[in-house]
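A.B. asks: Sharing a structure below in structure tokens format, with a few things to ask.
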Amino acid sequence: MLLTYQNIDGLTRTGVYISAILAGTLVAERLQAEQTLGLDVTANPKGMTVLHYDTEQSEAQLQENLGKTLRRAGVESVPQFYHSLYLASLSRKDRLKIIRESMALFHHRHGGIHLVVIDGIADLIL
């Protein structure tokens with residue numbers, strides 16, 4: 001599913017959907033529909049990499065949203081396979097480099113990639 005300005009009203013609501021999707025991938029068994037806003041999110045029983053890149057929000061907001069995602073998933077701490085990267089302060093070139101390199105690194109570290117979310121992907125386009 002691709003969330004865009006055309007199919008989701010407002011950035012806040014987009015963030016809620018991103019949180020719901022991420023939450024569903026932080027656990028080994030499928031979450032209840034209420035926890036994922038009715039979305040059918042595939043659980044992550046093998047603990048493969050889940051990457052969340054954010055090019056828009058402040059680092060503080062990203063951390064606050066992470067707490068909400070963890071509560072939604074019913075987990076108390078960040079799983080080792082989950083990596084949320086703050087990219088807003090970097091240049092487009094540096095963002096792309098970090099995305100490429102971190103995907104390769106975490107793919108090998110966790111035996112594959114389960115999900116990649118790039119919040120603010122338009123910021124990567126020329």
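Here, A, B, ... name the chains of the structure tokens in the order displayed, residue numbers run from 1 inside each chain, and ligands are numbered from 1 in the same displayed order.
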May I have the residues within 8 Å of A:His52 as a list in words, using only C-alpha atoms and disregarding those fewer than 6 positions away in the same chain?
C.D. replies: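 Listed by chain and then number, they are Tyr82, His83, Ser84, Leu85, Val116, Val117, Ile118 and Asp119 of chain A.
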A.B. asks: For A:Met48, please output as a list of chain:residue names all residues within 9 Å (counting only C-alpha atoms; exclusion window: fewer than 3 positions along the same chain).
C.D. replies: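 That gives A:Asn44, A:Pro45, A:Phe81, A:Tyr82, A:Phe106, A:His107, A:Arg109, A:His110, A:Gly111, A:Gly112, A:Ile113, A:His114, A:Leu115.
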A.B. asks: Once DSSP has gone over the backbone, tell me which residues of chain A are in alpha helix (DSSP H), as a PyMOL selection string.
C.D. replies: chain A and resi 11-25+59-73+92-109
A.B. asks: Residues as selected, N, CA and C atoms, written as a short mmCIF file (atom, residue, chain, number, x, y, z; two decimals), in the first residue's frame, can you do that?
C.D. replies:
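Just written: out.cif:
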data_model
loop_
_atom_site.label_atom_id
_atom_site.label_comp_id
_atom_site.auth_asym_id
_atom_site.auth_seq_id
_atom_site.Cartn_x
_atom_site.Cartn_y
_atom_site.Cartn_z
N LEU A 11 -1.15 15.22 7.26
CA LEU A 11 0.06 14.52 7.67
C LEU A 11 -0.12 13.76 8.97
N THR A 12 -0.94 14.28 9.87
CA THR A 12 -1.15 13.58 11.13
C THR A 12 -1.77 12.22 10.89
N ARG A 13 -2.75 12.16 10.02
CA ARG A 13 -3.38 10.89 9.73
C ARG A 13 -2.44 9.95 9.00
N THR A 14 -1.58 10.50 8.15
CA THR A 14 -0.58 9.67 7.50
C THR A 14 0.31 9.03 8.55
N GLY A 15 0.73 9.82 9.54
CA GLY A 15 1.57 9.31 10.61
C GLY A 15 0.90 8.21 11.40
N VAL A 16 -0.40 8.31 11.60
CA VAL A 16 -1.14 7.28 12.33
C VAL A 16 -1.11 5.97 11.54
N TYR A 17 -1.29 6.07 10.23
CA TYR A 17 -1.25 4.86 9.40
C TYR A 17 0.15 4.25 9.36
N ILE A 18 1.15 5.10 9.27
CA ILE A 18 2.52 4.59 9.29
C ILE A 18 2.79 3.88 10.61
N SER A 19 2.35 4.46 11.71
CA SER A 19 2.51 3.84 13.02
C SER A 19 1.81 2.48 13.08
N ALA A 20 0.61 2.41 12.54
CA ALA A 20 -0.14 1.15 12.55
C ALA A 20 0.57 0.08 11.73
N ILE A 21 1.08 0.47 10.57
CA ILE A 21 1.79 -0.49 9.72
C ILE A 21 3.07 -0.97 10.41
N LEU A 22 3.84 -0.03 10.94
CA LEU A 22 5.07 -0.39 11.63
C LEU A 22 4.79 -1.29 12.83
N ALA A 23 3.77 -0.95 13.60
CA ALA A 23 3.43 -1.75 14.78
C ALA A 23 3.17 -3.20 14.40
N GLY A 24 2.48 -3.39 13.30
CA GLY A 24 2.16 -4.75 12.86
C GLY A 24 3.38 -5.57 12.48
N THR A 25 4.49 -4.90 12.18
CA THR A 25 5.70 -5.62 11.78
C THR A 25 6.68 -5.81 12.93
N GLU A 59 13.64 15.28 15.22
CA GLU A 59 14.10 14.08 15.92
C GLU A 59 13.24 13.80 17.15
N ALA A 60 12.82 14.85 17.85
CA ALA A 60 11.96 14.69 19.02
C ALA A 60 10.61 14.10 18.63
N GLN A 61 10.03 14.57 17.53
CA GLN A 61 8.75 14.05 17.07
C GLN A 61 8.88 12.59 16.64
N LEU A 62 9.98 12.26 16.01
CA LEU A 62 10.22 10.88 15.59
C LEU A 62 10.27 9.96 16.80
N GLN A 63 10.93 10.40 17.88
CA GLN A 63 11.01 9.60 19.10
C GLN A 63 9.63 9.47 19.77
N GLU A 64 8.86 10.54 19.76
CA GLU A 64 7.52 10.49 20.33
C GLU A 64 6.65 9.50 19.55
N ASN A 65 6.75 9.54 18.24
CA ASN A 65 5.97 8.62 17.40
C ASN A 65 6.41 7.18 17.59
N LEU A 66 7.70 6.97 17.83
CA LEU A 66 8.20 5.63 18.10
C LEU A 66 7.54 5.06 19.35
N GLY A 67 7.42 5.89 20.40
CA GLY A 67 6.75 5.44 21.62
C GLY A 67 5.31 5.03 21.36
N LYS A 68 4.62 5.80 20.53
CA LYS A 68 3.23 5.47 20.18
C LYS A 68 3.16 4.15 19.41
N THR A 69 4.10 3.96 18.51
CA THR A 69 4.13 2.72 17.73
C THR A 69 4.37 1.52 18.62
N LEU A 70 5.31 1.63 19.55
CA LEU A 70 5.58 0.53 20.47
C LEU A 70 4.36 0.21 21.32
N ARG A 71 3.68 1.22 21.82
CA ARG A 71 2.46 0.98 22.61
C ARG A 71 1.39 0.31 21.77
N ARG A 72 1.22 0.76 20.55
CA ARG A 72 0.23 0.16 19.64
C ARG A 72 0.55 -1.32 19.43
N ALA A 73 1.83 -1.66 19.31
CA ALA A 73 2.25 -3.04 19.08
C ALA A 73 2.21 -3.87 20.36
N ARG A 92 20.01 15.87 0.46
CA ARG A 92 19.41 14.81 -0.34
C ARG A 92 20.44 13.74 -0.65
N LYS A 93 21.64 14.14 -1.03
CA LYS A 93 22.72 13.20 -1.36
C LYS A 93 23.05 12.31 -0.16
N ASP A 94 23.19 12.90 1.01
CA ASP A 94 23.52 12.14 2.22
C ASP A 94 22.38 11.21 2.63
N ARG A 95 21.14 11.68 2.45
CA ARG A 95 19.99 10.83 2.77
C ARG A 95 20.00 9.56 1.92
N LEU A 96 20.21 9.75 0.61
CA LEU A 96 20.22 8.60 -0.30
C LEU A 96 21.35 7.64 0.04
N LYS A 97 22.50 8.18 0.39
CA LYS A 97 23.64 7.34 0.75
C LYS A 97 23.33 6.52 2.01
N ILE A 98 22.78 7.16 3.02
CA ILE A 98 22.45 6.46 4.26
C ILE A 98 21.39 5.39 4.01
N ILE A 99 20.40 5.69 3.20
CA ILE A 99 19.36 4.70 2.91
C ILE A 99 19.97 3.48 2.23
N ARG A 100 20.77 3.70 1.20
CA ARG A 100 21.40 2.58 0.48
C ARG A 100 22.28 1.75 1.41
N GLU A 101 23.16 2.41 2.14
CA GLU A 101 24.11 1.70 2.98
C GLU A 101 23.44 0.99 4.15
N SER A 102 22.45 1.64 4.77
CA SER A 102 21.80 1.01 5.91
C SER A 102 20.93 -0.17 5.49
N MET A 103 20.31 -0.09 4.31
CA MET A 103 19.53 -1.23 3.84
C MET A 103 20.43 -2.45 3.64
N ALA A 104 21.59 -2.24 3.07
CA ALA A 104 22.53 -3.36 2.86
C ALA A 104 23.01 -3.91 4.20
N LEU A 105 23.38 -3.03 5.10
CA LEU A 105 23.89 -3.44 6.40
C LEU A 105 22.84 -4.24 7.18
N PHE A 106 21.65 -3.68 7.32
CA PHE A 106 20.63 -4.33 8.15
C PHE A 106 20.05 -5.57 7.47
N HIS A 107 20.06 -5.62 6.15
CA HIS A 107 19.64 -6.83 5.44
C HIS A 107 20.51 -7.99 5.88
N HIS A 108 21.80 -7.78 5.90
CA HIS A 108 22.73 -8.84 6.30
C HIS A 108 22.68 -9.13 7.79
N ARG A 109 22.51 -8.10 8.59
CA ARG A 109 22.50 -8.27 10.04
C ARG A 109 21.29 -9.07 10.53
#
A.B. asks: Using only C-alpha atoms, find the one residue out of A:Leu37, A:Leu31, A:Ile125, A:Val75 that sits nearest to A:Ser91.
C.D. replies: A:Ile125
A.B. asks: In Å to one decimal, how far is atom CA of A:Gly120 from atom CA of A:Thr55?
C.D. replies: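 Here the two named atoms are 5.3 Å from each other.
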A.B. asks: As an exercise, work out the distance from atom CA of A:Thr49 to atom CA of A:Ala28 in Å and give it to one decimal place.
C.D. replies: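 It comes out at 12.7 Å.
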A.B. asks: Tell me, in Å to one decimal, how far atom CA of A:Gly47 is from atom CA of A:Arg30.
C.D. replies: 13.2 Å
A.B. asks: Using only C-alpha atoms, which of the listed residues (A:Gln57, A:Ala122, A:Ser89, A:Gly74) sits closest to A:Leu26?
C.D. replies: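 Residue with the minimum atom-to-atom distance to A:Leu26: A:Gly74.
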A.B. asks: With only C-alpha atoms as the counted atoms, please give the residues lying no more than 6 Å from A:Asp54, apart from itself and same-chain residues fewer than 2 positions off, as a ChimeraX atom specification.
C.D. replies: /A:56,86-87,119
A.B. asks: Write down as a list in words the residues of chain A whose backbone DSSP state falls under strand (DSSP E).
C.D. replies: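 Selection result, strand (DSSP E) within chain A: Thr49, Val50, Leu51, His52, Tyr53, Asp54, Tyr82, His83, Ser84, Leu85, Tyr86, Ile113, His114, Leu115, Val116, Val117, Ile118 and Asp119 of chain A.
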